[in-house]
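A.B. asks: Okay, so here is run16.cif, and as you'll see once you scroll down, it has mmCIF, C-alpha atoms.
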data_my_file
#
loop_
_atom_site.label_atom_id
_atom_site.label_comp_id
_atom_site.auth_asym_id
_atom_site.auth_seq_id
_atom_site.Cartn_x
_atom_site.Cartn_y
_atom_site.Cartn_z
CA MET A 1 0.00 0.00 0.00
CA LEU A 2 1.03 3.59 -0.55
CA SER A 3 2.23 5.24 2.64
CA GLY A 4 1.12 8.56 4.09
CA ILE A 5 -2.08 10.48 3.38
CA ALA A 6 -4.27 8.86 0.75
CA PRO A 7 -3.70 10.52 -2.63
CA ARG A 8 -6.42 11.96 -4.81
CA VAL A 9 -7.11 9.50 -7.66
CA PHE A 10 -8.40 10.45 -11.12
CA LEU A 11 -9.93 7.84 -13.43
CA PRO A 12 -10.25 9.26 -16.96
CA GLY A 13 -12.39 7.23 -19.34
CA ASN A 14 -10.71 8.17 -22.61
CA MET A 15 -7.72 9.95 -24.09
CA ALA A 16 -9.35 13.39 -24.19
CA GLU A 17 -10.19 13.20 -20.49
CA LEU A 18 -6.71 11.91 -19.66
CA LEU A 19 -4.95 14.76 -21.47
CA ALA A 20 -7.24 17.37 -19.95
CA ILE A 21 -6.73 16.04 -16.41
CA TYR A 22 -2.97 15.74 -16.88
CA ARG A 23 -2.74 19.31 -18.23
CA GLN A 24 -4.42 20.54 -15.07
CA ASN A 25 -2.36 18.22 -12.82
CA PRO A 26 1.08 17.87 -14.49
CA ASN A 27 2.73 16.68 -11.26
CA ALA A 28 0.30 13.79 -10.80
CA LEU A 29 1.69 10.26 -10.88
CA LEU A 30 0.55 8.29 -13.94
CA TRP A 31 -0.40 4.76 -12.91
CA ALA A 32 -0.70 1.83 -15.32
CA GLY A 33 0.60 -1.45 -13.87
CA GLY A 34 2.53 0.10 -10.98
CA THR A 35 5.28 -2.54 -11.04
CA ALA A 36 8.21 -0.11 -11.24
CA ILE A 37 6.58 2.25 -8.77
CA GLY A 38 6.24 -0.57 -6.26
CA GLY A 39 9.95 -1.32 -6.53
CA LEU A 40 11.09 2.30 -6.36
CA ARG A 41 8.86 3.87 -3.75
CA LYS A 42 11.08 2.95 -0.79
CA ASN A 43 13.87 5.09 -2.29
CA ASP A 44 12.02 7.93 -4.02
CA PRO A 45 9.55 10.24 -2.23
CA GLN A 46 7.79 10.98 -5.53
CA TYR A 47 6.64 7.37 -5.66
CA ALA A 48 6.32 6.81 -1.90
CA ARG A 49 3.83 9.62 -1.18
CA PRO A 50 2.19 10.91 -4.36
CA LYS A 51 -0.45 13.54 -3.71
CA LYS A 52 -2.32 12.81 -6.94
CA ILE A 53 -2.59 9.70 -9.10
CA ILE A 54 -4.04 9.41 -12.60
CA SER A 55 -5.08 5.85 -13.37
CA LEU A 56 -4.75 4.75 -17.02
CA ALA A 57 -6.91 1.66 -16.54
CA MET A 58 -9.90 2.95 -18.53
CA VAL A 59 -8.05 4.63 -21.41
CA SER A 60 -8.43 2.04 -24.18
CA GLU A 61 -6.61 4.16 -26.79
CA ILE A 62 -3.23 3.37 -25.18
CA ALA A 63 -3.98 -0.30 -24.50
CA LYS A 64 -3.87 -1.52 -28.10
CA VAL A 65 -1.35 -3.27 -30.36
CA SER A 66 -1.60 -2.74 -34.11
CA ARG A 67 0.57 -3.38 -37.15
CA THR A 68 1.01 -2.19 -40.70
CA GLU A 69 3.33 -3.39 -43.44
CA ARG A 70 6.02 -1.07 -42.09
CA TYR A 71 5.86 -1.20 -38.31
CA LEU A 72 4.45 -2.64 -35.10
CA GLU A 73 2.73 -0.08 -32.88
CA ILE A 74 2.31 -0.72 -29.16
CA GLY A 75 0.21 1.40 -26.81
CA ALA A 76 2.03 2.67 -23.75
CA ALA A 77 -0.38 0.88 -21.38
CA VAL A 78 -0.27 -2.55 -23.04
CA PRO A 79 0.92 -5.20 -20.52
CA PHE A 80 4.04 -7.21 -21.35
CA ASN A 81 2.14 -10.49 -21.64
CA LYS A 82 -0.26 -9.04 -24.19
CA ILE A 83 2.67 -7.69 -26.22
CA LEU A 84 4.30 -11.12 -26.14
CA GLN A 85 1.08 -12.86 -27.12
CA VAL A 86 -0.07 -10.52 -29.89
CA GLY A 87 3.40 -10.00 -31.30
CA GLN A 88 4.72 -13.55 -30.94
CA HIS A 89 5.38 -13.93 -34.68
CA VAL A 90 6.64 -10.41 -35.41
CA LEU A 91 8.27 -9.17 -32.21
CA PRO A 92 12.07 -8.86 -32.53
CA THR A 93 13.76 -11.64 -30.58
CA ALA A 94 15.79 -9.35 -28.31
CA LEU A 95 12.67 -7.44 -27.25
CA SER A 96 10.72 -10.65 -26.68
CA GLN A 97 13.51 -12.00 -24.48
CA GLY A 98 13.79 -8.75 -22.57
CA LEU A 99 10.08 -8.56 -21.78
CA SER A 100 9.97 -12.25 -20.84
CA LEU A 101 12.60 -11.79 -18.13
CA LEU A 102 10.29 -9.90 -15.79
CA ARG A 103 9.66 -12.13 -12.77
CA PRO A 104 7.48 -13.38 -11.24
CA MET A 105 5.33 -14.13 -14.27
CA PRO A 106 2.11 -12.47 -12.97
CA LEU A 107 3.92 -9.12 -13.01
CA ARG A 108 3.99 -9.34 -16.81
CA ASN A 109 0.21 -8.96 -16.74
CA LEU A 110 0.72 -5.57 -15.08
CA ALA A 111 3.99 -4.12 -16.37
CA THR A 112 3.69 -1.86 -19.42
CA LEU A 113 6.13 -0.62 -22.04
CA GLY A 114 5.30 3.02 -21.37
CA GLY A 115 5.91 2.53 -17.67
CA ASN A 116 9.18 0.76 -18.35
CA LEU A 117 10.41 3.74 -20.35
CA ALA A 118 9.12 6.57 -18.19
CA VAL A 119 10.85 5.87 -14.86
CA ARG A 120 12.78 8.93 -13.80
CA GLY A 121 16.56 8.57 -13.80
CA LEU A 122 16.60 4.90 -14.84
CA ARG A 123 16.84 2.94 -18.09
CA LEU A 124 14.99 -0.31 -17.54
CA ASN A 125 15.36 -3.32 -19.83
CA ALA A 126 13.25 -2.11 -22.78
CA TYR A 127 15.19 1.09 -23.47
CA PRO A 128 18.48 -0.25 -24.93
CA ILE A 129 16.59 -2.79 -27.06
CA LEU A 130 14.24 -0.19 -28.51
CA LEU A 131 17.23 2.08 -29.09
CA LEU A 132 18.88 -0.57 -31.27
CA LEU A 133 15.61 -1.22 -33.11
CA ASP A 134 15.23 2.47 -34.10
CA ALA A 135 11.90 2.67 -32.31
CA ARG A 136 10.02 5.96 -32.18
CA ILE A 137 7.88 7.29 -29.36
CA GLU A 138 4.66 9.25 -29.60
CA LEU A 139 4.26 11.98 -26.99
CA ARG A 140 0.90 13.65 -26.50
CA ARG A 141 -0.52 16.51 -24.53
CA GLU A 142 -3.79 18.35 -24.91
CA GLY A 143 -3.88 19.88 -28.39
CA ARG A 144 -0.61 18.37 -29.68
CA ASN A 145 1.23 15.16 -30.45
CA ARG A 146 4.77 14.55 -31.69
CA TRP A 147 7.01 11.60 -32.56
CA ILE A 148 10.61 11.43 -31.33
CA THR A 149 13.50 8.96 -31.53
CA MET A 150 14.57 6.94 -28.51
CA GLN A 151 17.72 9.09 -28.22
CA ARG A 152 15.58 12.15 -27.56
CA LEU A 153 13.36 10.56 -24.93
CA PHE A 154 15.65 11.57 -22.05
CA ASP A 155 17.54 14.73 -21.18
CA ARG A 156 21.18 14.84 -20.04
CA ALA A 157 20.16 14.43 -16.41
CA GLY A 158 18.46 11.16 -17.28
CA ASN A 159 14.87 12.30 -16.86
CA PRO A 160 12.14 11.87 -19.46
CA SER A 161 12.35 14.84 -21.83
CA LEU A 162 8.64 15.64 -21.72
CA ASP A 163 6.85 18.95 -21.70
CA SER A 164 4.37 19.78 -18.94
CA GLY A 165 1.22 17.70 -19.33
CA GLU A 166 2.87 15.44 -21.93
CA LEU A 167 2.96 11.65 -21.73
CA ILE A 168 4.12 8.63 -23.70
CA THR A 169 1.22 7.15 -25.67
CA ARG A 170 2.61 4.81 -28.36
CA ILE A 171 5.84 3.02 -29.29
CA ARG A 172 6.43 2.33 -32.97
CA ILE A 173 8.91 -0.39 -33.98
CA PRO A 174 9.92 -0.64 -37.66
CA PHE A 175 9.74 -4.08 -39.24
CA GLU A 176 13.19 -5.36 -40.19
CA GLU A 177 14.38 -8.84 -41.12
CA TRP A 178 16.45 -9.38 -37.98
CA ASP A 179 18.03 -12.85 -38.08
CA LEU A 180 19.29 -12.86 -34.53
CA GLY A 181 18.56 -11.30 -31.19
CA TYR A 182 20.02 -11.70 -27.71
CA PHE A 183 19.09 -10.27 -24.36
CA ARG A 184 20.82 -11.13 -21.09
CA GLN A 185 20.33 -9.52 -17.71
CA ILE A 186 22.33 -9.67 -14.49
CA GLY A 187 20.71 -8.54 -11.25
CA THR A 188 17.83 -6.13 -10.90
CA PRO A 189 18.00 -2.33 -10.57
CA MET A 190 15.30 -2.41 -7.91
CA ASN A 191 17.81 -4.07 -5.58
CA ASP A 192 21.17 -2.57 -6.53
CA LEU A 193 22.02 -0.43 -9.54
CA ARG A 194 25.75 -1.05 -9.17
CA SER A 195 25.41 -4.82 -9.58
CA SER A 196 22.84 -4.77 -12.40
CA LEU A 197 23.55 -4.95 -16.11
CA SER A 198 21.81 -5.90 -19.33
CA PHE A 199 23.23 -6.83 -22.73
CA CYS A 200 21.22 -6.81 -25.93
CA CYS A 201 22.06 -7.39 -29.54
CA THR A 202 20.18 -7.61 -32.81
CA GLY A 203 21.52 -8.23 -36.28
CA LYS A 204 21.26 -9.59 -39.79
CA ILE A 205 23.42 -12.36 -41.21
CA VAL A 206 23.28 -13.23 -44.90
CA LYS A 207 25.20 -16.25 -46.23
CA ALA A 208 27.30 -16.40 -43.05
CA THR A 209 28.21 -12.71 -43.41
CA VAL A 210 27.19 -10.00 -40.94
CA SER A 211 25.29 -7.28 -42.77
CA ASP A 212 24.10 -5.38 -39.70
CA LEU A 213 25.00 -5.87 -36.04
CA ARG A 214 23.96 -3.66 -33.13
CA CYS A 215 24.90 -4.19 -29.49
CA ALA A 216 24.34 -2.22 -26.30
CA PHE A 217 24.79 -2.57 -22.56
CA GLY A 218 22.17 -1.12 -20.26
CA THR A 219 23.52 -0.14 -16.87
CA PHE A 220 19.99 0.80 -15.69
CA SER A 221 21.38 4.25 -14.89
CA PRO A 222 21.05 6.95 -17.59
CA LEU A 223 24.16 5.48 -19.24
CA VAL A 224 23.78 3.09 -22.18
CA ILE A 225 27.04 1.71 -23.59
CA ARG A 226 27.25 1.35 -27.36
CA ASN A 227 30.19 1.43 -29.80
CA ARG A 228 29.10 2.18 -33.36
CA GLU A 229 32.70 1.92 -34.61
CA LEU A 230 32.78 -1.66 -33.33
CA GLU A 231 29.48 -2.42 -35.06
CA ALA A 232 30.90 -1.11 -38.33
CA PHE A 233 34.07 -3.18 -37.83
CA LEU A 234 32.07 -6.41 -37.46
CA SER A 235 29.81 -5.62 -40.42
CA GLY A 236 30.92 -7.60 -43.48
CA LYS A 237 32.77 -10.22 -41.42
CA LYS A 238 32.09 -13.93 -41.76
CA VAL A 239 30.73 -15.89 -38.80
CA PRO A 240 31.97 -17.54 -36.76
CA PHE A 241 34.53 -14.77 -36.35
CA ALA A 242 38.21 -15.54 -36.76
CA ARG A 243 40.34 -15.41 -33.64
CA LYS A 244 42.06 -12.16 -34.67
CA GLU A 245 38.70 -10.52 -35.34
CA ARG A 246 37.38 -11.60 -31.95
CA GLU A 247 40.45 -10.26 -30.19
CA GLU A 248 40.25 -6.91 -31.97
CA ALA A 249 36.51 -6.60 -31.33
CA LEU A 250 36.96 -7.42 -27.65
CA ALA A 251 39.75 -4.85 -27.34
CA MET A 252 37.50 -2.19 -28.86
CA MET A 253 34.69 -3.02 -26.49
CA GLU A 254 37.00 -3.16 -23.47
CA LYS A 255 38.20 0.35 -24.27
CA THR A 256 34.63 1.61 -24.53
CA ILE A 257 33.67 -0.03 -21.25
CA ALA A 258 36.76 1.29 -19.45
CA GLU A 259 36.02 4.84 -20.60
CA SER A 260 32.36 4.74 -19.58
CA PRO A 261 31.84 6.92 -16.51
CA GLY A 262 29.92 6.03 -13.40
CA ILE A 263 29.76 2.25 -13.66
CA SER A 264 31.15 -0.17 -11.11
CA SER A 265 34.03 -2.62 -11.48
CA PHE A 266 31.47 -5.41 -11.25
CA GLN A 267 29.53 -4.00 -14.21
CA LYS A 268 32.72 -3.51 -16.24
CA ASN A 269 33.88 -7.09 -15.63
CA ARG A 270 30.47 -8.57 -16.43
CA ALA A 271 30.13 -6.45 -19.57
CA ARG A 272 33.47 -7.73 -20.83
CA GLU A 273 32.50 -11.35 -20.08
CA LEU A 274 29.12 -11.00 -21.81
CA PHE A 275 30.61 -9.51 -24.96
CA ASP A 276 33.40 -12.10 -25.06
CA TRP A 277 30.76 -14.84 -24.79
CA PHE A 278 28.68 -13.26 -27.54
CA ILE A 279 31.43 -12.96 -30.15
CA HIS A 280 32.43 -16.57 -29.50
CA VAL A 281 28.92 -18.06 -29.83
CA LEU A 282 27.67 -15.96 -32.75
CA ARG A 283 26.79 -18.21 -35.68
CA GLU A 284 24.56 -18.00 -38.72
CA PRO A 285 20.97 -18.71 -37.62
CA ASP A 286 19.53 -22.09 -38.62
#
Rewrite the structure of this file - the entire thing - as structure tokens.
C.D. replies:
Amino acid sequence: MLSGIAPRVFLPGNMAELLAIYRQNPNALLWAGGTAIGGLRKNDPQYARPKKIISLAMVSEIAKVSRTERYLEIGAAVPFNKILQVGQHVLPTALSQGLSLLRPMPLRNLATLGGNLAVRGLRLNAYPILLLLDARIELRREGRNRWITMQRLFDRAGNPSLDSGELITRIRIPFEEWDLGYFRQIGTPMNDLRSSLSFCCTGKIVKATVSDLRCAFGTFSPLVIRNRELEAFLSGKKVPFARKEREEALAMMEKTIAESPGISSFQKNRARELFDWFIHVLREPD
């Protein structure tokens, strides 16, 4: 239960009501599944004692999944399990693996993609994957909507880069013929940021040759580690990689990890181990 004085709760029935209420109450806490809020509220007064809550439970416009020939579009309030079910044949493998890792399983009926992205000061597991997939985010406030890239979703301080009364409403993922996808996670940021880490990768391999490879480490802090020079180096290489190529790739990644500020020795060591594992096991998909 939420501690302190009971907050005032708003229950808008549609998008127009939601935007109007949020414009008038821009400091209210938006509540969809509440899974991240439950984990954070012991450390953050904003989540521990909100004065106002806006429930998204009745706003059907942001609880839908749709697709076109070009992209998959996911409403910000769609639970993970629904995303996994509806998108089981089209969801990129790395994203599917990342969403499936939420434990225990019943939490996936509550957790939402919009909530995963909107936590202040943190990058939970969906962010680095969607970054690699070139996903775009729709932001709406009363009288206006706009689409932005994942890179522009957060400011330099690590907070969602949203205007007053603006909220995440849809996530749009372009369809690409990704042949491979990996997602691995160590620890959980709700327990200890310094011992938590995620690694995700997506790519295309044609006739045993890498045509596109994208990798990122999520530290769950505002920092996401990615080396585009390394990705370009591996593009065009045959898999499995030759020993010299693996050694050079690992050296490039080690340098990037070592120069990344604000991450622990544990995270650096695990990031190196995960990438070393990945470049050794990478093969052409069956």
A.B. asks: Tell me which protein, DNA and RNA residues are within 7 Å of Val78 of chain A, counting only C-alpha atoms, leaving out same-chain ones fewer than 5 positions away, and put them as a PyMOL selection string.
C.D. replies: chain A and resi 62-64+83+112-113
A.B. asks: Any chance you could export the current selection's C-alpha atoms as a tab-separated table (two decimals), in the frame of the given file?
C.D. replies:
chain	number	residue	atom	x	y	z
A	62	ILE	CA	-3.23	3.37	-25.18
A	63	ALA	CA	-3.98	-0.30	-24.50
A	64	LYS	CA	-3.87	-1.52	-28.10
A	83	ILE	CA	2.67	-7.69	-26.22
A	112	THR	CA	3.69	-1.86	-19.42
A	113	LEU	CA	6.13	-0.62	-22.04
A.B. asks: Tell me which protein, DNA and RNA residues are within 12 Å of Gly75 of chain A, counting all atoms listed in the file, leaving out same-chain ones fewer than 2 positions away, and put them as a PDB file with C-alpha atoms, in the frame of the given file.
C.D. replies:
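As a result, result-v2.pdb now contains:
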ATOM      1  CA  MET A  15      -7.720   9.950 -24.090  1.00  0.00           C
ATOM      2  CA  ALA A  32      -0.700   1.830 -15.320  1.00  0.00           C
ATOM      3  CA  LEU A  56      -4.750   4.750 -17.020  1.00  0.00           C
ATOM      4  CA  VAL A  59      -8.050   4.630 -21.410  1.00  0.00           C
ATOM      5  CA  SER A  60      -8.430   2.040 -24.180  1.00  0.00           C
ATOM      6  CA  GLU A  61      -6.610   4.160 -26.790  1.00  0.00           C
ATOM      7  CA  ILE A  62      -3.230   3.370 -25.180  1.00  0.00           C
ATOM      8  CA  ALA A  63      -3.980  -0.300 -24.500  1.00  0.00           C
ATOM      9  CA  LYS A  64      -3.870  -1.520 -28.100  1.00  0.00           C
ATOM     10  CA  VAL A  65      -1.350  -3.270 -30.360  1.00  0.00           C
ATOM     11  CA  SER A  66      -1.600  -2.740 -34.110  1.00  0.00           C
ATOM     12  CA  ARG A  67       0.570  -3.380 -37.150  1.00  0.00           C
ATOM     13  CA  LEU A  72       4.450  -2.640 -35.100  1.00  0.00           C
ATOM     14  CA  GLU A  73       2.730  -0.080 -32.880  1.00  0.00           C
ATOM     15  CA  ALA A  77      -0.380   0.880 -21.380  1.00  0.00           C
ATOM     16  CA  VAL A  78      -0.270  -2.550 -23.040  1.00  0.00           C
ATOM     17  CA  PRO A  79       0.920  -5.200 -20.520  1.00  0.00           C
ATOM     18  CA  PHE A  80       4.040  -7.210 -21.350  1.00  0.00           C
ATOM     19  CA  LYS A  82      -0.260  -9.040 -24.190  1.00  0.00           C
ATOM     20  CA  ILE A  83       2.670  -7.690 -26.220  1.00  0.00           C
ATOM     21  CA  THR A 112       3.690  -1.860 -19.420  1.00  0.00           C
ATOM     22  CA  LEU A 113       6.130  -0.620 -22.040  1.00  0.00           C
ATOM     23  CA  GLY A 114       5.300   3.020 -21.370  1.00  0.00           C
ATOM     24  CA  GLY A 115       5.910   2.530 -17.670  1.00  0.00           C
ATOM     25  CA  ILE A 137       7.880   7.290 -29.360  1.00  0.00           C
ATOM     26  CA  GLU A 138       4.660   9.250 -29.600  1.00  0.00           C
ATOM     27  CA  LEU A 139       4.260  11.980 -26.990  1.00  0.00           C
ATOM     28  CA  LEU A 167       2.960  11.650 -21.730  1.00  0.00           C
ATOM     29  CA  ILE A 168       4.120   8.630 -23.700  1.00  0.00           C
ATOM     30  CA  THR A 169       1.220   7.150 -25.670  1.00  0.00           C
ATOM     31  CA  ARG A 170       2.610   4.810 -28.360  1.00  0.00           C
ATOM     32  CA  ILE A 171       5.840   3.020 -29.290  1.00  0.00           C
ATOM     33  CA  ARG A 172       6.430   2.330 -32.970  1.00  0.00           C
ATOM     34  CA  ILE A 173       8.910  -0.390 -33.980  1.00  0.00           C
TER      35      ILE A 173
END
A.B. asks: Pull out every residue that the PyMOL selection byres ((chain A and resi 180) around 12) matches in the shown coordinates and put them as a ChimeraX atom specification.
C.D. replies: /A:91-97,176-179,181-183,200-206,210-215,278,281-286
A.B. asks: Which protein, DNA or RNA residues are at most 8 Å from (4.4, -5.2, -39.4) in the file's coordinates when you count all atoms listed in the file, listed as a PDB file with C-alpha atoms, in the coordinates of the input?
C.D. replies:
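Result file is part-v6.pdb:
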ATOM      1  CA  ARG A  67       0.570  -3.380 -37.150  1.00  0.00           C
ATOM      2  CA  THR A  68       1.010  -2.190 -40.700  1.00  0.00           C
ATOM      3  CA  GLU A  69       3.330  -3.390 -43.440  1.00  0.00           C
ATOM      4  CA  ARG A  70       6.020  -1.070 -42.090  1.00  0.00           C
ATOM      5  CA  TYR A  71       5.860  -1.200 -38.310  1.00  0.00           C
ATOM      6  CA  LEU A  72       4.450  -2.640 -35.100  1.00  0.00           C
ATOM      7  CA  VAL A  90       6.640 -10.410 -35.410  1.00  0.00           C
ATOM      8  CA  PRO A 174       9.920  -0.640 -37.660  1.00  0.00           C
ATOM      9  CA  PHE A 175       9.740  -4.080 -39.240  1.00  0.00           C
TER      10      PHE A 175
END
A.B. asks: Find the spatial neighbours of Ser161 of chain A, counting only C-alpha atoms, within a cut-off of 12 Å - ignore same-chain residues fewer than 6 positions away - and output them as a list of chain:residue names.
C.D. replies: A:Leu117, A:Ala118, A:Val119, A:Arg120, A:Gly121, A:Ile137, A:Leu139, A:Ile148, A:Thr149, A:Met150, A:Gln151, A:Arg152, A:Leu153, A:Phe154, A:Asp155, A:Leu167, A:Ile168
A.B. asks: The PyMOL selection byres ((chain A and resi 254) around 10) - which residues does that actually catch in the file I just gave you? List them as a list in words.
C.D. replies: Glu248, Ala249, Leu250, Ala251, Met252, Met253, Lys255, Thr256, Ile257, Ala258, Glu259, Ser260, Lys268, Asn269, Ala271, Arg272, Glu273, Phe275 and Asp276 of chain A
A.B. asks: May I ask for the distance between atom CA of Phe217 of chain A and atom CA of Phe199 of chain A, given in Å to one decimal place?
C.D. replies: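 Distance reported for this atom pair: 4.5 Å.
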A.B. asks: Let me make sure I understand: among A:Gly165, A:Gly33, A:Pro7, A:Gly98, which one has the smallest atom-to-atom distance to Asn125 of chain A if we use all atoms listed in the file?
C.D. replies: A:Gly98
A.B. asks: Separation of atom CA of Ile186 of chain A and atom CA of Asn81 of chain A, in Å?
C.D. replies: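 Taking atom CA of Ile186 of chain A and atom CA of Asn81 of chain A, their separation equals 21.4 Å.
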A.B. asks: Nearest to Gln24 of chain A among A:Leu102, A:Arg141, A:Pro222, A:Ile74, with distances taken over all atoms listed in the file: which residue is it?
C.D. replies: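 Of all the options, A:Arg141 lies closest to Gln24 of chain A.
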A.B. asks: Rank nothing, just name the residue among A:Val239, A:Leu19, A:Ala208, A:Leu131 nearest to Ile225 of chain A, using all atoms listed in the file.
C.D. replies: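 Result for the nearest residue to Ile225 of chain A: A:Leu131.
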A.B. asks: Report, in Å with one decimal, the straight-line distance from atom CA of Ser195 of chain A to atom CA of Pro160 of chain A.
C.D. replies: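 Value for the atom CA of Ser195 of chain A-atom CA of Pro160 of chain A distance: 23.5 Å.
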A.B. asks: Determine the nearest neighbour of Asn227 of chain A from the options A:Ala242, A:Leu132, A:Arg8, A:Thr188, counting only C-alpha atoms.
C.D. replies: A:Leu132
A.B. asks: I'd like the contact shell of Leu223 of chain A - 10 Å cut-off, all atoms listed in the file, skipping same-chain residues fewer than 4 positions apart - returned as a PyMOL selection string.
C.D. replies: chain A and resi 121-123+128+156+158+217-219+260-263
A.B. asks: Using all atoms listed in the file, can you tell me which of A:Asn116, A:Thr35, A:Gln88, A:Asn27 comes closest to Ile129 of chain A?
C.D. replies: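 Of all the options, A:Asn116 lies closest to Ile129 of chain A.
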A.B. asks: Edge lengths and centre in Å to one decimal, as lines of an AutoDock Vina configuration file, is what I'm after for the box along x, y and z that holds all listed atoms of segment 133-137 of chain A once 8 Å is added on each side.
C.D. replies:
center_x = 11.7
center_y = 3.0
center_z = -31.7
size_x = 23.7
size_y = 24.5
size_z = 20.7
A.B. asks: Once the PyMOL selection byres ((chain A and resi 30) around 6) has been evaluated on this model, what residues remain selected, and can you format them as a PyMOL selection string?
C.D. replies: chain A and resi 29+31+53-54
A.B. asks: Tell me, as a list in words, which residues lie within 7 Å of Asn14 of chain A, counting all atoms listed in the file; anything in the same chain fewer than 2 positions away does not count.
C.D. replies: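 These residues fall inside the cut-off: Pro12, Ala16, Glu17, Leu18, Met58, Val59 and Ser60 of chain A.
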A.B. asks: Of the residues A:Phe241, A:Lys207, A:Ala57, A:Met190, which is the one nearest to Phe10 of chain A, using all atoms listed in the file?
C.D. replies: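 Smallest separation from Phe10 of chain A among the options: A:Ala57.
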